[in-house]
Amino acid sequence: MTQNLQFDDAGRLRHLLTIEGLSRRSILEILDTAESFISVGQREIKKIPLLRGKTVVNLFFESSTRTRTTFEIAAKRLSADVINLNVSASSTSKGETLLDTIRNLEAMHTDLFVVRHAESGAAHMIARHVPSHVHIINAGDGRHAHPTQGLLDAFTIRRHKGAFGKLKVAIVGDILHSRVARSQIQALKALGVAELRVVAPKTLLPTAVEKLGVHPYTRMEEGLDGVDVVMMLRLQRERMQGALIPSEQEYFNLYGLTPAKLALAAKDAIVMHPGPMNRGLEIDSAVADGPQSVILPQVTYGIAVRMAVMALIMGGSAEPAGGRR
Amino acid sequence: MGLVIKNGRLIDPANGVDGRKDLYIDDNGFVIGVGKAPPGFKAKKTIDARGNIVCPGLVDLRARLREPGLEYKATIESEVHAAVAAGITTLCCPPDTYPVIDTPAMAQMIQSRAWRFELAFIHPLGALTQGLEGKRLTDMEALDEAGCVGFTNALAPITDTLVMRRAMEYAATLDLTVFLHAEDPWLRDGGCVHEGEIGTRLGLPGIPEAAETVGVARDLALIEQTGCRAHFCNLSSGRAVAMIAEAKRQGLPVSADVTAHHLHLTEHDIGDFNTQCHVHPPLRGNRDRKELRKALKSGVISAICSDHQPHEPDAKLAPFAQSGPGISALETLLPLTLRLVDDKLLTLPEAIALLTNKPAEIIGVDTGQLGVGATADVCIFDPEARWVLMENSLISRGHNTPFLGQEFRGRVTHTLIGGKLVFEL
């Protein structure tokens, strides 16, 4: 079903809702396209006319600065007209349903919705009910998926570590509530990493997590041993309330990425984080700002990857109109 | 005078009848002869049931009619029409209407509204606590007098164990049956799917199996202590089934039901957020479905119910967790149960018993059987008729069902209530 919903009759990507169901080839096509867009951001005039005349609406039902901004920059670099709408969840629950909101915006001839919503499945629901010329990019739905984050993380790994086939990767932190983790796992499984681990206390590991194709670890000493990539997740501070972890100190002691714990990984391992970081909670500043960190490049690549996804979905071609420079 | 249903295969599990027998009904709507005509009987009307099954009208232990309070979803009128078209002649309505069925007036109002249509009989279930708030007991004796066949807090948990104990003690005092939706509300914690593979994949908050087993364990301990007769609604997990089986072995006065959809669907049917499969308790794993099916055969579960919950279309057009839970299920109750016969799990008489005399026994009514003297509530169905469930053919106002477009075998052709033909295909 995912595949049917995301692809049109000709097998072209129509929406990006989740990485699940994307083939290795489709993912590589997105990464290759992103590669060609990296240079756009380095030019004097950071714009190509690929989506000129198209209207992109960033529809955020959940607040976000970084993701929304990178989508906005990506769309603007492709010359699209961009509208940002922050719809608080409460205003929709007061009356207008999610579908009504979408239909109203659709009536304004929007071409692409970038949707973030606090509920898992929101992007799927919207995609099922928009007409065929409207495209949806999921910018995060509940705990379910954040596919452009998963793609930009894969892009980062490829740029810094090369081929996926020999890599051991560990994802560390709140796997249970993380849409980022699910998209990272699906991307890296499709790209064929040698070994994919998740590391967290049992309270933050979902039931049957191994069915996602990962090896669960509960101790950093074992989970980080010899890995080439360490992907940290953000820990929401409100998790302390639900009896999921006892305190920030204990969490940092056990699962915070310190130089000592990072030393267990391969010598040339890279450290990633989707941001925003909680320094001193999930990651030590010495690591976040250290030589192995690729956290800031991730943000830069995020723009190119989002440009690539928009271009492929709306343009239907892997080659940007301006050609590769 | 009188009506005869001829040439059908009469299956009346309560009376051990399974064979080609004609059914004779008098003008007052009672069965007056089975197999052979009583002396002097002359049929004014004949229904030829050749090739069809004739059985007692179905008894559904749980169907929400949405009236009063949620008439935009469905009404008693719309749903009793759907019920008789599905062969259901008796149904129980949980007390979580608005207002709640916690007074005799409410119980009587629902019955009198239903009687206006002279279609299916509605037996209200009374609230166990006032306003379903889990604090003060209702006037159970008065509600019993007003026609309530059981007492339940429906899906609202009674978190205070002492209140639950007293509710059971009081119900036991009056020899009433308590209907339990056993679930630990803290373990449920806002979950909307089974905590398992699919919930993990889709990032939907899960309800662990332990939410059910902890709830069942608590309630069983209190049943043992109080001697209360209790019926467990809507078992969803294999482990809960095992606990009920053990309680029955120990001689506790307990029974249990399951919904037809839990016997056919699992968490995997949710696919990519199919909100039509959002039900409560959640669809669980393959093993659970297998254990629920086995429990029908072994007798641990003695009723299949629809757990009918009609919704307006918008209720399902929302992100999964925010969509309204439940299935419009009256019209698939019999066909889904007949699939268990096709699957060789049950014989046809066993399947019919789970929809007729066995649920009737749980609520202590004398319907669900067609012996001489019984009220002639009759369901006649063609066991071979193949049909496809289409949205525009649903009679219920709720079109929320995951079975749209599916082919079924077995279709109701006639339904009689008190000897009166109320539905004919």
# chains A, B, ... in the order shown; residues from 1 in each chain; ligands from 1
>>> closest_atom_pairs(of="chain B", to="chain A", cutoff="8 Å", atoms="only C-alpha atoms", output="Markdown table")
| residue | atom | partner | partner_atom | distance |
| --- | --- | --- | --- | --- |
| B:Glu195 | CA | A:Thr207 | CA | 6.6 |
| B:Gly196 | CA | A:Thr207 | CA | 5.5 |
| B:Glu197 | CA | A:Ala208 | CA | 5.5 |
| B:Thr200 | CA | A:Pro206 | CA | 6.0 |
| B:Arg201 | CA | A:Leu212 | CA | 7.0 |
| B:Leu202 | CA | A:His144 | CA | 5.1 |
| B:Gly203 | CA | A:His144 | CA | 4.1 |
| B:Leu204 | CA | A:Ser120 | CA | 6.1 |
| B:Gly271 | CA | A:Met1 | CA | 7.2 |
| B:Asp272 | CA | A:Thr2 | CA | 6.4 |
| B:Phe273 | CA | A:Gly121 | CA | 6.0 |
| B:Leu317 | CA | A:Met125 | CA | 7.3 |
| B:Ala318 | CA | A:Met125 | CA | 6.8 |
| B:Pro319 | CA | A:Ala122 | CA | 4.7 |
| B:Phe320 | CA | A:Gly121 | CA | 6.2 |
| B:Ala321 | CA | A:Glu119 | CA | 7.1 |
| B:Gln322 | CA | A:Glu119 | CA | 7.9 |
>>> residues_around(residues="Ile30 (chain A)", least_positions_apart="2", cutoff="9 Å", atoms="only C-alpha atoms", output="list of chain:residue names")
A:Arg25, A:Ser26, A:Ile27, A:Leu28, A:Asp32, A:Thr33, A:Ala34, A:Glu35, A:Leu151, A:Val305, A:Ala308, A:Val309, A:Leu312, A:Ala318
>>> select_by_dssp(residues="region 142-285 of chain A", states="alpha helix (DSSP H)", output="JSON, numbers by chain")
{"A": [147, 148, 149, 150, 151, 152, 153, 154, 155, 156, 157, 158, 159, 160, 161, 179, 180, 181, 182, 183, 184, 185, 186, 187, 188, 189, 190, 191, 220, 221, 222, 223, 248, 249, 250, 251, 252, 253, 254, 255, 259, 260, 261, 262, 285]}
>>> residues_around(residues="Ala142 (chain B)", least_positions_apart="4", cutoff="8 Å", atoms="only C-alpha atoms", output="ChimeraX atom specification")
/B:103-104,146
>>> write_last_selection(atoms="N, CA, C and O atoms", output="CSV table (one decimal), in the first residue's frame")
chain,number,residue,atom,x,y,z
B,103,THR,N,-30.1,5.3,34.9
B,103,THR,CA,-31.4,5.5,35.6
B,103,THR,C,-32.4,4.6,34.9
B,103,THR,O,-32.3,4.3,33.7
B,104,PRO,N,-33.4,4.1,35.7
B,104,PRO,CA,-34.5,3.3,35.1
B,104,PRO,C,-35.1,4.1,33.9
B,104,PRO,O,-35.5,3.5,32.9
B,146,ALA,N,-36.1,-2.3,35.3
B,146,ALA,CA,-36.4,-1.5,34.1
B,146,ALA,C,-35.9,-2.2,32.9
B,146,ALA,O,-36.0,-1.7,31.8
>>> select_by_dssp(residues="region 231-416 of chain B", states="strand (DSSP E)", output="ChimeraX atom specification")
/B:231-232,254-259,303-305,378-388,407-416
>>> write_last_selection(atoms="N, CA and C atoms", output="CSV table (one decimal), in the first residue's frame")
chain,number,residue,atom,x,y,z
B,231,HIS,N,-19.1,-11.5,33.2
B,231,HIS,CA,-18.9,-11.8,31.7
B,231,HIS,C,-17.8,-10.9,31.2
B,232,PHE,N,-16.7,-11.5,30.7
B,232,PHE,CA,-15.6,-10.7,30.1
B,232,PHE,C,-15.9,-10.4,28.6
B,254,VAL,N,-17.8,-17.4,35.4
B,254,VAL,CA,-17.4,-16.5,34.4
B,254,VAL,C,-17.7,-17.0,33.0
B,255,SER,N,-17.9,-16.1,32.1
B,255,SER,CA,-18.1,-16.4,30.7
B,255,SER,C,-17.3,-15.3,29.9
B,256,ALA,N,-17.2,-15.5,28.6
B,256,ALA,CA,-16.4,-14.5,27.8
B,256,ALA,C,-17.0,-14.5,26.4
B,257,ASP,N,-16.8,-13.3,25.7
B,257,ASP,CA,-17.1,-13.2,24.3
B,257,ASP,C,-16.0,-12.6,23.5
B,258,VAL,N,-16.1,-12.6,22.2
B,258,VAL,CA,-15.1,-12.1,21.3
B,258,VAL,C,-15.9,-11.5,20.2
B,259,THR,N,-15.3,-10.5,19.5
B,259,THR,CA,-16.0,-9.9,18.4
B,259,THR,C,-15.6,-10.7,17.1
B,303,ALA,N,-19.6,-16.7,23.2
B,303,ALA,CA,-20.4,-15.9,22.3
B,303,ALA,C,-19.6,-15.1,21.4
B,304,ILE,N,-20.1,-14.9,20.2
B,304,ILE,CA,-19.5,-14.0,19.2
B,304,ILE,C,-20.4,-12.8,19.1
B,305,CYS,N,-19.8,-11.6,19.2
B,305,CYS,CA,-20.7,-10.4,19.1
B,305,CYS,C,-20.2,-9.5,18.0
B,378,VAL,N,-36.8,-15.6,14.4
B,378,VAL,CA,-36.2,-16.6,13.5
B,378,VAL,C,-35.4,-15.9,12.4
B,379,CYS,N,-34.2,-16.5,12.2
B,379,CYS,CA,-33.3,-16.1,11.1
B,379,CYS,C,-33.3,-17.2,10.0
B,380,ILE,N,-33.5,-16.8,8.8
B,380,ILE,CA,-33.4,-17.8,7.7
B,380,ILE,C,-32.3,-17.3,6.8
B,381,PHE,N,-31.3,-18.1,6.5
B,381,PHE,CA,-30.3,-17.7,5.6
B,381,PHE,C,-29.9,-18.7,4.6
B,382,ASP,N,-29.5,-18.2,3.4
B,382,ASP,CA,-29.0,-19.1,2.4
B,382,ASP,C,-27.5,-19.3,2.5
B,383,PRO,N,-27.1,-20.5,3.0
B,383,PRO,CA,-25.7,-20.7,3.3
B,383,PRO,C,-24.8,-20.6,2.1
B,384,GLU,N,-25.3,-20.8,0.9
B,384,GLU,CA,-24.5,-20.8,-0.3
B,384,GLU,C,-24.5,-19.5,-1.0
B,385,ALA,N,-25.3,-18.5,-0.7
B,385,ALA,CA,-25.4,-17.3,-1.5
B,385,ALA,C,-24.1,-16.5,-1.3
B,386,ARG,N,-23.6,-16.2,-2.5
B,386,ARG,CA,-22.3,-15.4,-2.4
B,386,ARG,C,-22.7,-13.9,-2.7
B,387,TRP,N,-22.1,-13.0,-2.0
B,387,TRP,CA,-22.4,-11.6,-2.2
B,387,TRP,C,-21.2,-10.8,-1.8
B,388,VAL,N,-21.2,-9.6,-2.2
B,388,VAL,CA,-20.0,-8.7,-1.9
B,388,VAL,C,-20.5,-7.5,-1.1
B,407,GLU,N,-15.9,-10.6,-0.5
B,407,GLU,CA,-17.0,-11.5,-0.8
B,407,GLU,C,-17.3,-12.4,0.4
B,408,PHE,N,-18.6,-12.6,0.6
B,408,PHE,CA,-19.0,-13.5,1.7
B,408,PHE,C,-19.9,-14.6,1.2
B,409,ARG,N,-19.9,-15.7,1.9
B,409,ARG,CA,-20.9,-16.7,1.6
B,409,ARG,C,-21.9,-16.8,2.7
B,410,GLY,N,-23.1,-16.9,2.4
B,410,GLY,CA,-24.2,-17.0,3.4
B,410,GLY,C,-24.9,-15.6,3.6
B,411,ARG,N,-26.2,-15.6,3.3
B,411,ARG,CA,-26.9,-14.3,3.4
B,411,ARG,C,-28.3,-14.5,3.9
B,412,VAL,N,-28.6,-13.6,4.8
B,412,VAL,CA,-30.0,-13.7,5.4
B,412,VAL,C,-31.0,-13.4,4.4
B,413,THR,N,-32.0,-14.3,4.3
B,413,THR,CA,-33.1,-14.1,3.4
B,413,THR,C,-34.4,-13.6,4.1
B,414,HIS,N,-34.6,-14.1,5.3
B,414,HIS,CA,-35.8,-13.7,6.1
B,414,HIS,C,-35.5,-13.5,7.5
B,415,THR,N,-36.1,-12.5,8.2
B,415,THR,CA,-36.0,-12.4,9.6
B,415,THR,C,-37.4,-12.3,10.2
B,416,LEU,N,-37.7,-13.0,11.2
B,416,LEU,CA,-39.0,-12.9,11.9
B,416,LEU,C,-38.8,-12.5,13.3
>>> atom_distance(atom1="CA of Ala221 (chain B)", atom2="CA of Leu143 (chain B)")
26.2 Å
>>> atom_distance(atom1="CA of Ser306 (chain B)", atom2="CA of Ser393 (chain B)")
18.1 Å
>>> atom_distance(atom1="CA of Ser23 (chain A)", atom2="CA of Leu191 (chain A)")
8.5 Å
>>> residues_around(residues="Leu262 (chain A)", least_positions_apart="4", cutoff="10 Å", atoms="only C-alpha atoms", output="PyMOL selection string")
chain A and resi 220-221+224-227+230+256-258+266-267+269-271+287+292
>>> decode(residues="region 198-216 of chain A", atoms="N, CA, C and O atoms", output="PDB file, in the first residue's frame")
ATOM      1  N   VAL A 198      20.666  -0.584  17.445  1.00  0.00           N
ATOM      2  CA  VAL A 198      20.033   0.497  18.201  1.00  0.00           C
ATOM      3  C   VAL A 198      20.442   0.315  19.663  1.00  0.00           C
ATOM      4  O   VAL A 198      20.545  -0.817  20.144  1.00  0.00           O
ATOM      5  N   VAL A 199      20.718   1.426  20.326  1.00  0.00           N
ATOM      6  CA  VAL A 199      21.188   1.371  21.709  1.00  0.00           C
ATOM      7  C   VAL A 199      20.302   2.274  22.562  1.00  0.00           C
ATOM      8  O   VAL A 199      20.171   3.464  22.275  1.00  0.00           O
ATOM      9  N   ALA A 200      19.697   1.694  23.578  1.00  0.00           N
ATOM     10  CA  ALA A 200      18.818   2.471  24.462  1.00  0.00           C
ATOM     11  C   ALA A 200      18.469   1.624  25.673  1.00  0.00           C
ATOM     12  O   ALA A 200      18.576   0.395  25.635  1.00  0.00           O
ATOM     13  N   PRO A 201      18.028   2.281  26.763  1.00  0.00           N
ATOM     14  CA  PRO A 201      17.463   1.479  27.860  1.00  0.00           C
ATOM     15  C   PRO A 201      16.162   0.838  27.373  1.00  0.00           C
ATOM     16  O   PRO A 201      15.545   1.330  26.427  1.00  0.00           O
ATOM     17  N   LYS A 202      15.768  -0.248  28.028  1.00  0.00           N
ATOM     18  CA  LYS A 202      14.584  -0.962  27.559  1.00  0.00           C
ATOM     19  C   LYS A 202      13.332  -0.091  27.529  1.00  0.00           C
ATOM     20  O   LYS A 202      12.421  -0.333  26.740  1.00  0.00           O
ATOM     21  N   THR A 203      13.299   0.928  28.395  1.00  0.00           N
ATOM     22  CA  THR A 203      12.114   1.791  28.415  1.00  0.00           C
ATOM     23  C   THR A 203      11.993   2.632  27.150  1.00  0.00           C
ATOM     24  O   THR A 203      10.935   3.165  26.862  1.00  0.00           O
ATOM     25  N   LEU A 204      13.071   2.774  26.404  1.00  0.00           N
ATOM     26  CA  LEU A 204      13.039   3.606  25.199  1.00  0.00           C
ATOM     27  C   LEU A 204      13.221   2.784  23.927  1.00  0.00           C
ATOM     28  O   LEU A 204      13.451   3.333  22.849  1.00  0.00           O
ATOM     29  N   LEU A 205      13.135   1.464  24.068  1.00  0.00           N
ATOM     30  CA  LEU A 205      13.193   0.582  22.888  1.00  0.00           C
ATOM     31  C   LEU A 205      11.777   0.092  22.601  1.00  0.00           C
ATOM     32  O   LEU A 205      11.100  -0.404  23.494  1.00  0.00           O
ATOM     33  N   PRO A 206      11.306   0.199  21.361  1.00  0.00           N
ATOM     34  CA  PRO A 206       9.969  -0.323  21.073  1.00  0.00           C
ATOM     35  C   PRO A 206       9.937  -1.853  21.126  1.00  0.00           C
ATOM     36  O   PRO A 206      10.958  -2.509  20.893  1.00  0.00           O
ATOM     37  N   THR A 207       8.749  -2.378  21.431  1.00  0.00           N
ATOM     38  CA  THR A 207       8.535  -3.823  21.380  1.00  0.00           C
ATOM     39  C   THR A 207       8.842  -4.328  19.976  1.00  0.00           C
ATOM     40  O   THR A 207       8.520  -3.662  19.003  1.00  0.00           O
ATOM     41  N   ALA A 208       9.438  -5.507  19.905  1.00  0.00           N
ATOM     42  CA  ALA A 208       9.691  -6.156  18.614  1.00  0.00           C
ATOM     43  C   ALA A 208      10.534  -5.285  17.684  1.00  0.00           C
ATOM     44  O   ALA A 208      10.381  -5.320  16.466  1.00  0.00           O
ATOM     45  N   VAL A 209      11.452  -4.508  18.271  1.00  0.00           N
ATOM     46  CA  VAL A 209      12.275  -3.607  17.447  1.00  0.00           C
ATOM     47  C   VAL A 209      13.130  -4.405  16.456  1.00  0.00           C
ATOM     48  O   VAL A 209      13.450  -3.938  15.364  1.00  0.00           O
ATOM     49  N   GLU A 210      13.466  -5.639  16.831  1.00  0.00           N
ATOM     50  CA  GLU A 210      14.304  -6.443  15.945  1.00  0.00           C
ATOM     51  C   GLU A 210      13.588  -6.759  14.630  1.00  0.00           C
ATOM     52  O   GLU A 210      14.225  -7.043  13.616  1.00  0.00           O
ATOM     53  N   LYS A 211      12.270  -6.665  14.635  1.00  0.00           N
ATOM     54  CA  LYS A 211      11.517  -6.885  13.388  1.00  0.00           C
ATOM     55  C   LYS A 211      11.803  -5.788  12.360  1.00  0.00           C
ATOM     56  O   LYS A 211      11.480  -5.938  11.180  1.00  0.00           O
ATOM     57  N   LEU A 212      12.364  -4.675  12.816  1.00  0.00           N
ATOM     58  CA  LEU A 212      12.758  -3.628  11.877  1.00  0.00           C
ATOM     59  C   LEU A 212      14.109  -3.953  11.233  1.00  0.00           C
ATOM     60  O   LEU A 212      14.598  -3.194  10.407  1.00  0.00           O
ATOM     61  N   GLY A 213      14.702  -5.060  11.669  1.00  0.00           N
ATOM     62  CA  GLY A 213      15.969  -5.469  11.074  1.00  0.00           C
ATOM     63  C   GLY A 213      17.196  -4.906  11.766  1.00  0.00           C
ATOM     64  O   GLY A 213      18.244  -4.767  11.154  1.00  0.00           O
ATOM     65  N   VAL A 214      17.037  -4.579  13.036  1.00  0.00           N
ATOM     66  CA  VAL A 214      18.174  -4.026  13.778  1.00  0.00           C
ATOM     67  C   VAL A 214      18.515  -4.941  14.958  1.00  0.00           C
ATOM     68  O   VAL A 214      17.701  -5.762  15.373  1.00  0.00           O
ATOM     69  N   HIS A 215      19.744  -4.762  15.464  1.00  0.00           N
ATOM     70  CA  HIS A 215      20.157  -5.500  16.660  1.00  0.00           C
ATOM     71  C   HIS A 215      20.049  -4.572  17.857  1.00  0.00           C
ATOM     72  O   HIS A 215      20.745  -3.569  17.907  1.00  0.00           O
ATOM     73  N   PRO A 216      19.190  -4.888  18.806  1.00  0.00           N
ATOM     74  CA  PRO A 216      19.076  -3.998  19.966  1.00  0.00           C
ATOM     75  C   PRO A 216      20.177  -4.246  21.004  1.00  0.00           C
ATOM     76  O   PRO A 216      20.545  -5.396  21.271  1.00  0.00           O
TER      77      PRO A 216
END
